[in-house]
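The structure file model38.cif is reproduced below (mmCIF, N, CA, C and O atoms).
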data_run
loop_
_atom_site.label_atom_id
_atom_site.label_comp_id
_atom_site.auth_asym_id
_atom_site.auth_seq_id
_atom_site.Cartn_x
_atom_site.Cartn_y
_atom_site.Cartn_z
N MET I 1 110.31 88.61 147.35
CA MET I 1 109.97 89.93 147.79
C MET I 1 108.46 90.11 147.64
O MET I 1 107.88 89.82 146.61
N THR I 2 107.82 90.64 148.65
CA THR I 2 106.39 90.89 148.63
C THR I 2 106.15 92.39 148.54
O THR I 2 106.80 93.16 149.23
N THR I 3 105.22 92.78 147.68
CA THR I 3 104.88 94.19 147.57
C THR I 3 103.48 94.40 148.08
O THR I 3 102.63 93.52 147.99
N PRO I 4 103.21 95.58 148.64
CA PRO I 4 101.88 95.84 149.19
C PRO I 4 100.84 95.94 148.09
O PRO I 4 101.17 96.19 146.93
N PRO I 5 99.55 95.75 148.44
CA PRO I 5 98.49 95.88 147.43
C PRO I 5 98.41 97.31 146.90
O PRO I 5 98.79 98.25 147.59
N VAL I 6 97.93 97.45 145.69
CA VAL I 6 97.77 98.77 145.10
C VAL I 6 96.53 99.41 145.67
O VAL I 6 95.46 98.83 145.68
N GLU I 7 96.69 100.63 146.17
CA GLU I 7 95.54 101.38 146.68
C GLU I 7 94.79 102.00 145.51
O GLU I 7 95.40 102.42 144.53
N THR I 8 93.49 102.07 145.61
CA THR I 8 92.69 102.68 144.54
C THR I 8 92.02 103.96 145.03
O THR I 8 90.94 104.32 144.59
N ASN I 9 92.67 104.66 145.93
CA ASN I 9 92.14 105.89 146.50
C ASN I 9 91.69 106.86 145.41
O ASN I 9 92.46 107.25 144.55
N LEU I 10 90.43 107.26 145.44
CA LEU I 10 89.86 108.11 144.40
C LEU I 10 90.47 109.51 144.38
O LEU I 10 90.49 110.15 143.33
N VAL I 11 90.93 109.99 145.50
CA VAL I 11 91.47 111.35 145.54
C VAL I 11 93.00 111.37 145.55
O VAL I 11 93.59 112.41 145.72
N ASP I 12 93.63 110.25 145.32
CA ASP I 12 95.08 110.17 145.31
C ASP I 12 95.63 111.04 144.18
O ASP I 12 95.31 110.81 143.01
N PRO I 13 96.42 112.05 144.48
CA PRO I 13 96.94 112.93 143.44
C PRO I 13 97.99 112.28 142.54
O PRO I 13 98.39 112.87 141.55
N ASP I 14 98.43 111.08 142.86
CA ASP I 14 99.45 110.42 142.06
C ASP I 14 98.91 109.87 140.74
O ASP I 14 99.69 109.57 139.84
N TRP I 15 97.60 109.71 140.60
CA TRP I 15 97.03 109.21 139.36
C TRP I 15 97.11 110.30 138.30
O TRP I 15 96.72 111.44 138.54
N ILE I 16 97.61 109.95 137.12
CA ILE I 16 97.66 110.89 136.01
C ILE I 16 96.83 110.33 134.86
O ILE I 16 96.72 109.12 134.69
N THR I 17 96.23 111.22 134.07
CA THR I 17 95.42 110.81 132.93
C THR I 17 96.28 110.86 131.68
O THR I 17 97.03 111.82 131.47
N SER I 18 96.16 109.86 130.86
CA SER I 18 96.92 109.79 129.62
C SER I 18 96.68 111.01 128.75
O SER I 18 95.55 111.46 128.59
N SER I 19 97.75 111.55 128.17
CA SER I 19 97.62 112.69 127.27
C SER I 19 96.98 112.28 125.95
O SER I 19 96.59 113.12 125.15
N TYR I 20 96.87 110.98 125.70
CA TYR I 20 96.26 110.48 124.47
C TYR I 20 94.75 110.25 124.62
O TYR I 20 94.12 109.74 123.71
N SER I 21 94.19 110.62 125.74
CA SER I 21 92.77 110.37 125.98
C SER I 21 91.88 111.17 125.04
O SER I 21 90.79 110.74 124.71
N GLY I 22 92.30 112.34 124.66
CA GLY I 22 91.59 113.12 123.66
C GLY I 22 90.23 113.65 124.07
O GLY I 22 89.48 114.10 123.23
N GLY I 23 89.87 113.57 125.33
CA GLY I 23 88.61 114.12 125.79
C GLY I 23 87.38 113.37 125.32
O GLY I 23 86.27 113.87 125.42
N ASN I 24 87.54 112.16 124.80
CA ASN I 24 86.38 111.41 124.32
C ASN I 24 85.89 110.38 125.33
O ASN I 24 85.22 109.45 124.98
N ASN I 25 86.27 110.58 126.58
CA ASN I 25 85.83 109.73 127.68
C ASN I 25 86.43 108.32 127.66
O ASN I 25 85.95 107.44 128.33
N ASN I 26 87.46 108.10 126.87
CA ASN I 26 88.19 106.83 126.87
C ASN I 26 89.53 107.06 127.54
O ASN I 26 90.57 107.04 126.89
N CYS I 27 89.49 107.34 128.82
CA CYS I 27 90.69 107.74 129.54
C CYS I 27 91.32 106.60 130.33
O CYS I 27 90.62 105.81 130.97
N VAL I 28 92.61 106.56 130.28
CA VAL I 28 93.39 105.63 131.09
C VAL I 28 94.18 106.47 132.07
O VAL I 28 94.75 107.50 131.70
N GLN I 29 94.21 106.05 133.32
CA GLN I 29 95.01 106.72 134.32
C GLN I 29 96.09 105.76 134.80
O GLN I 29 95.87 104.54 134.85
N ALA I 30 97.23 106.32 135.14
CA ALA I 30 98.34 105.50 135.61
C ALA I 30 99.04 106.21 136.77
O ALA I 30 98.89 107.42 136.97
N ARG I 31 99.76 105.42 137.53
CA ARG I 31 100.59 105.99 138.60
C ARG I 31 101.72 105.02 138.93
O ARG I 31 101.63 103.83 138.67
N ARG I 32 102.74 105.57 139.52
CA ARG I 32 103.89 104.80 139.99
C ARG I 32 103.93 104.93 141.51
O ARG I 32 103.90 106.04 142.03
N LYS I 33 103.95 103.80 142.18
CA LYS I 33 103.97 103.83 143.64
C LYS I 33 104.40 102.46 144.16
O LYS I 33 104.03 101.44 143.59
N ASP I 34 105.15 102.45 145.22
CA ASP I 34 105.55 101.21 145.89
C ASP I 34 106.21 100.21 144.94
O ASP I 34 105.87 99.04 144.93
N ARG I 35 107.12 100.70 144.11
CA ARG I 35 107.88 99.86 143.17
C ARG I 35 107.01 99.19 142.13
O ARG I 35 107.38 98.19 141.54
N ARG I 36 105.81 99.73 141.92
CA ARG I 36 104.91 99.19 140.91
C ARG I 36 104.24 100.32 140.14
O ARG I 36 104.14 101.44 140.62
N ALA I 37 103.79 99.98 138.96
CA ALA I 37 102.97 100.89 138.16
C ALA I 37 101.56 100.32 138.15
O ALA I 37 101.38 99.11 138.11
N ALA I 38 100.59 101.19 138.19
CA ALA I 38 99.19 100.76 138.19
C ALA I 38 98.44 101.52 137.11
O ALA I 38 98.75 102.68 136.81
N VAL I 39 97.45 100.87 136.52
CA VAL I 39 96.64 101.45 135.45
C VAL I 39 95.17 101.20 135.78
O VAL I 39 94.82 100.12 136.25
N ARG I 40 94.33 102.19 135.53
CA ARG I 40 92.90 102.03 135.75
C ARG I 40 92.12 102.84 134.72
O ARG I 40 92.65 103.72 134.04
N ASP I 41 90.83 102.55 134.61
CA ASP I 41 89.91 103.27 133.75
C ASP I 41 89.39 104.47 134.54
O ASP I 41 88.82 104.31 135.62
N SER I 42 89.57 105.67 134.00
CA SER I 42 89.16 106.86 134.74
C SER I 42 87.65 106.93 134.94
O SER I 42 87.18 107.60 135.86
N LYS I 43 86.88 106.26 134.09
CA LYS I 43 85.42 106.27 134.25
C LYS I 43 84.98 105.41 135.43
O LYS I 43 83.87 105.55 135.92
N VAL I 44 85.84 104.49 135.86
CA VAL I 44 85.52 103.59 136.97
C VAL I 44 86.71 103.59 137.94
O VAL I 44 87.41 102.59 138.11
N PRO I 45 86.97 104.72 138.59
CA PRO I 45 88.17 104.83 139.42
C PRO I 45 88.20 103.89 140.62
O PRO I 45 89.27 103.58 141.14
N ASP I 46 87.04 103.40 141.04
CA ASP I 46 87.03 102.45 142.15
C ASP I 46 86.92 101.01 141.65
O ASP I 46 86.70 100.09 142.41
N GLY I 47 87.11 100.83 140.34
CA GLY I 47 87.05 99.50 139.74
C GLY I 47 88.41 98.81 139.74
O GLY I 47 89.29 99.13 140.54
N ALA I 48 88.56 97.91 138.82
CA ALA I 48 89.78 97.11 138.74
C ALA I 48 91.01 97.97 138.43
O ALA I 48 90.93 98.96 137.71
N VAL I 49 92.12 97.57 139.02
CA VAL I 49 93.41 98.21 138.79
C VAL I 49 94.38 97.14 138.34
O VAL I 49 94.48 96.09 138.96
N LEU I 50 95.07 97.39 137.23
CA LEU I 50 96.12 96.49 136.78
C LEU I 50 97.43 96.99 137.34
O LEU I 50 97.76 98.16 137.19
N ALA I 51 98.18 96.12 137.97
CA ALA I 51 99.46 96.50 138.57
C ALA I 51 100.59 95.70 137.92
O ALA I 51 100.43 94.51 137.63
N PHE I 52 101.70 96.37 137.69
CA PHE I 52 102.86 95.76 137.04
C PHE I 52 104.12 96.10 137.81
O PHE I 52 104.23 97.19 138.36
N PRO I 53 105.11 95.19 137.80
CA PRO I 53 106.41 95.57 138.37
C PRO I 53 106.95 96.76 137.56
O PRO I 53 106.70 96.88 136.36
N MET I 54 107.66 97.65 138.20
CA MET I 54 108.15 98.85 137.55
C MET I 54 108.99 98.52 136.31
O MET I 54 108.89 99.20 135.29
N THR I 55 109.77 97.45 136.37
CA THR I 55 110.60 97.09 135.21
C THR I 55 109.73 96.70 134.02
O THR I 55 110.05 97.04 132.88
N GLY I 56 108.64 96.00 134.26
CA GLY I 56 107.74 95.62 133.18
C GLY I 56 107.05 96.83 132.58
O GLY I 56 106.90 96.95 131.37
N TRP I 57 106.62 97.76 133.43
CA TRP I 57 105.96 98.98 132.95
C TRP I 57 106.93 99.82 132.13
O TRP I 57 106.59 100.32 131.07
N ASP I 58 108.16 99.96 132.63
CA ASP I 58 109.16 100.74 131.90
C ASP I 58 109.44 100.14 130.53
O ASP I 58 109.57 100.85 129.54
N ALA I 59 109.50 98.82 130.44
CA ALA I 59 109.71 98.15 129.15
C ALA I 59 108.53 98.41 128.21
O ALA I 59 108.71 98.64 127.01
N PHE I 60 107.32 98.38 128.73
CA PHE I 60 106.13 98.67 127.95
C PHE I 60 106.18 100.10 127.39
O PHE I 60 105.94 100.32 126.20
N VAL I 61 106.51 101.06 128.24
CA VAL I 61 106.57 102.46 127.81
C VAL I 61 107.63 102.65 126.72
O VAL I 61 107.39 103.32 125.72
N VAL I 62 108.78 102.03 126.89
CA VAL I 62 109.84 102.12 125.87
C VAL I 62 109.33 101.52 124.55
O VAL I 62 109.53 102.09 123.48
N GLY I 63 108.67 100.38 124.62
CA GLY I 63 108.12 99.76 123.42
C GLY I 63 107.13 100.64 122.69
O GLY I 63 107.14 100.74 121.46
N VAL I 64 106.27 101.32 123.44
CA VAL I 64 105.29 102.23 122.84
C VAL I 64 106.01 103.41 122.20
O VAL I 64 105.74 103.77 121.04
N ARG I 65 106.94 104.01 122.92
CA ARG I 65 107.65 105.19 122.39
C ARG I 65 108.45 104.86 121.15
O ARG I 65 108.57 105.69 120.26
N GLU I 66 109.01 103.69 121.09
CA GLU I 66 109.86 103.31 119.95
C GLU I 66 109.05 102.71 118.80
O GLU I 66 109.62 102.32 117.79
N GLY I 67 107.73 102.62 118.95
CA GLY I 67 106.89 102.11 117.89
C GLY I 67 106.91 100.60 117.78
O GLY I 67 106.48 100.04 116.77
N GLY I 68 107.40 99.91 118.79
CA GLY I 68 107.49 98.47 118.76
C GLY I 68 106.17 97.76 119.04
O GLY I 68 106.05 96.56 118.86
N LEU I 69 105.17 98.51 119.45
CA LEU I 69 103.84 97.95 119.73
C LEU I 69 102.84 98.64 118.83
O LEU I 69 102.90 99.85 118.62
N SER I 70 101.94 97.90 118.28
CA SER I 70 100.91 98.51 117.43
C SER I 70 99.55 97.94 117.79
O SER I 70 99.43 96.81 118.26
N ALA I 71 98.53 98.73 117.55
CA ALA I 71 97.16 98.30 117.83
C ALA I 71 96.59 97.65 116.58
O ALA I 71 96.71 98.18 115.49
N HIS I 72 95.99 96.50 116.76
CA HIS I 72 95.33 95.80 115.66
C HIS I 72 93.84 95.78 115.95
O HIS I 72 93.42 95.40 117.03
N ARG I 73 93.06 96.19 115.00
CA ARG I 73 91.61 96.23 115.19
C ARG I 73 90.96 95.25 114.27
O ARG I 73 91.28 94.97 113.23
#
Rendering of file as structure tokens:
Amino acid sequence: MTTPPVETNLVDPDWITSSYSGGNNNCVQARRKDRRAAVRDSKVPDGAVLAFPMTGWDAFVVGVREGGLSAHR
């Protein structure tokens, strides 16, 4: 199965900003479209976009919500 490329349209209303951004300019935006999830840096909306199959994104979100993923610094 082939999926279309992810569009990076700057005015696309489907992009949402993470509620964890905290207003410190470290914002991540995400959207669901064309059976894929996409993530980008809000400071560079026309830059790189990471795209994932919807099943992979859903598994990631569940892992974060359940505390199965942690940040190591």
One number please: CA of Pro45 in chain I to CA of Asn26 in chain I, in Å, one decimal.
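Atom-to-atom, CA of Pro45 in chain I to CA of Asn26 in chain I, that is 12.7 Å.
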At a cut-off of 12 Å, using only C-alpha atoms, what residues contact Asp58 in chain I? Leave out same-chain residues fewer than 3 positions from it and give the result as a PDB file with N, CA, C and O atoms, in the frame of the given file.
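Resulting contents of out10.pdb:
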ATOM      1  N   ARG I  32     102.740 105.570 139.520  1.00  0.00           N
ATOM      2  CA  ARG I  32     103.890 104.800 139.990  1.00  0.00           C
ATOM      3  C   ARG I  32     103.930 104.930 141.510  1.00  0.00           C
ATOM      4  O   ARG I  32     103.900 106.040 142.030  1.00  0.00           O
ATOM      5  N   ARG I  35     107.120 100.700 144.110  1.00  0.00           N
ATOM      6  CA  ARG I  35     107.880  99.860 143.170  1.00  0.00           C
ATOM      7  C   ARG I  35     107.010  99.190 142.130  1.00  0.00           C
ATOM      8  O   ARG I  35     107.380  98.190 141.540  1.00  0.00           O
ATOM      9  N   ARG I  36     105.810  99.730 141.920  1.00  0.00           N
ATOM     10  CA  ARG I  36     104.910  99.190 140.910  1.00  0.00           C
ATOM     11  C   ARG I  36     104.240 100.320 140.140  1.00  0.00           C
ATOM     12  O   ARG I  36     104.140 101.440 140.620  1.00  0.00           O
ATOM     13  N   ALA I  37     103.790  99.980 138.960  1.00  0.00           N
ATOM     14  CA  ALA I  37     102.970 100.890 138.160  1.00  0.00           C
ATOM     15  C   ALA I  37     101.560 100.320 138.150  1.00  0.00           C
ATOM     16  O   ALA I  37     101.380  99.110 138.110  1.00  0.00           O
ATOM     17  N   ALA I  38     100.590 101.190 138.190  1.00  0.00           N
ATOM     18  CA  ALA I  38      99.190 100.760 138.190  1.00  0.00           C
ATOM     19  C   ALA I  38      98.440 101.520 137.110  1.00  0.00           C
ATOM     20  O   ALA I  38      98.750 102.680 136.810  1.00  0.00           O
ATOM     21  N   PHE I  52     101.700  96.370 137.690  1.00  0.00           N
ATOM     22  CA  PHE I  52     102.860  95.760 137.040  1.00  0.00           C
ATOM     23  C   PHE I  52     104.120  96.100 137.810  1.00  0.00           C
ATOM     24  O   PHE I  52     104.230  97.190 138.360  1.00  0.00           O
ATOM     25  N   PRO I  53     105.110  95.190 137.800  1.00  0.00           N
ATOM     26  CA  PRO I  53     106.410  95.570 138.370  1.00  0.00           C
ATOM     27  C   PRO I  53     106.950  96.760 137.560  1.00  0.00           C
ATOM     28  O   PRO I  53     106.700  96.880 136.360  1.00  0.00           O
ATOM     29  N   MET I  54     107.660  97.650 138.200  1.00  0.00           N
ATOM     30  CA  MET I  54     108.150  98.850 137.550  1.00  0.00           C
ATOM     31  C   MET I  54     108.990  98.520 136.310  1.00  0.00           C
ATOM     32  O   MET I  54     108.890  99.200 135.290  1.00  0.00           O
ATOM     33  N   THR I  55     109.770  97.450 136.370  1.00  0.00           N
ATOM     34  CA  THR I  55     110.600  97.090 135.210  1.00  0.00           C
ATOM     35  C   THR I  55     109.730  96.700 134.020  1.00  0.00           C
ATOM     36  O   THR I  55     110.050  97.040 132.880  1.00  0.00           O
ATOM     37  N   VAL I  61     106.510 101.060 128.240  1.00  0.00           N
ATOM     38  CA  VAL I  61     106.570 102.460 127.810  1.00  0.00           C
ATOM     39  C   VAL I  61     107.630 102.650 126.720  1.00  0.00           C
ATOM     40  O   VAL I  61     107.390 103.320 125.720  1.00  0.00           O
ATOM     41  N   VAL I  62     108.780 102.030 126.890  1.00  0.00           N
ATOM     42  CA  VAL I  62     109.840 102.120 125.870  1.00  0.00           C
ATOM     43  C   VAL I  62     109.330 101.520 124.550  1.00  0.00           C
ATOM     44  O   VAL I  62     109.530 102.090 123.480  1.00  0.00           O
ATOM     45  N   GLY I  63     108.670 100.380 124.620  1.00  0.00           N
ATOM     46  CA  GLY I  63     108.120  99.760 123.420  1.00  0.00           C
ATOM     47  C   GLY I  63     107.130 100.640 122.690  1.00  0.00           C
ATOM     48  O   GLY I  63     107.140 100.740 121.460  1.00  0.00           O
ATOM     49  N   VAL I  64     106.270 101.320 123.440  1.00  0.00           N
ATOM     50  CA  VAL I  64     105.290 102.230 122.840  1.00  0.00           C
ATOM     51  C   VAL I  64     106.010 103.410 122.200  1.00  0.00           C
ATOM     52  O   VAL I  64     105.740 103.770 121.040  1.00  0.00           O
ATOM     53  N   ARG I  65     106.940 104.010 122.920  1.00  0.00           N
ATOM     54  CA  ARG I  65     107.650 105.190 122.390  1.00  0.00           C
ATOM     55  C   ARG I  65     108.450 104.860 121.150  1.00  0.00           C
ATOM     56  O   ARG I  65     108.570 105.690 120.260  1.00  0.00           O
TER      57      ARG I  65
END
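Counting all atoms listed in the file and comparing I:Ile16, I:Cys27, I:Ala59, I:Leu69, the residue that lies closest to Ser42 in chain I is I:Cys27.
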Residues of range 26-48 of chain I at most 10 Å from range 17-20 of chain I: nearest atom pair and distance in Å, only C-alpha atoms, as CSV:
residue,atom,partner,partner_atom,distance
I:Asn26,CA,I:Tyr20,CA,9.2
I:Cys27,CA,I:Ser18,CA,6.6
I:Val28,CA,I:Ser18,CA,5.7
I:Gln29,CA,I:Thr17,CA,4.3
I:Ala30,CA,I:Thr17,CA,6.6
I:Arg31,CA,I:Thr17,CA,9.1
I:Val39,CA,I:Thr17,CA,9.8
I:Arg40,CA,I:Thr17,CA,9.6
I:Asp41,CA,I:Thr17,CA,9.4
I:Ser42,CA,I:Thr17,CA,7.6
What is the distance, in Å and to one decimal place, between atom N of Lys33 in chain I and atom O of Gly67 in chain I?
25.8 Å
Once you add 5 Å to each side, what are the centre and edge lengths of the axis-aligned box holding all listed atoms of range 53-57 of chain I? One decimal in Å, as lines of an AutoDock Vina configuration file, if you can.
center_x = 107.9
center_y = 97.8
center_z = 134.7
size_x = 15.5
size_y = 15.1
size_z = 17.3
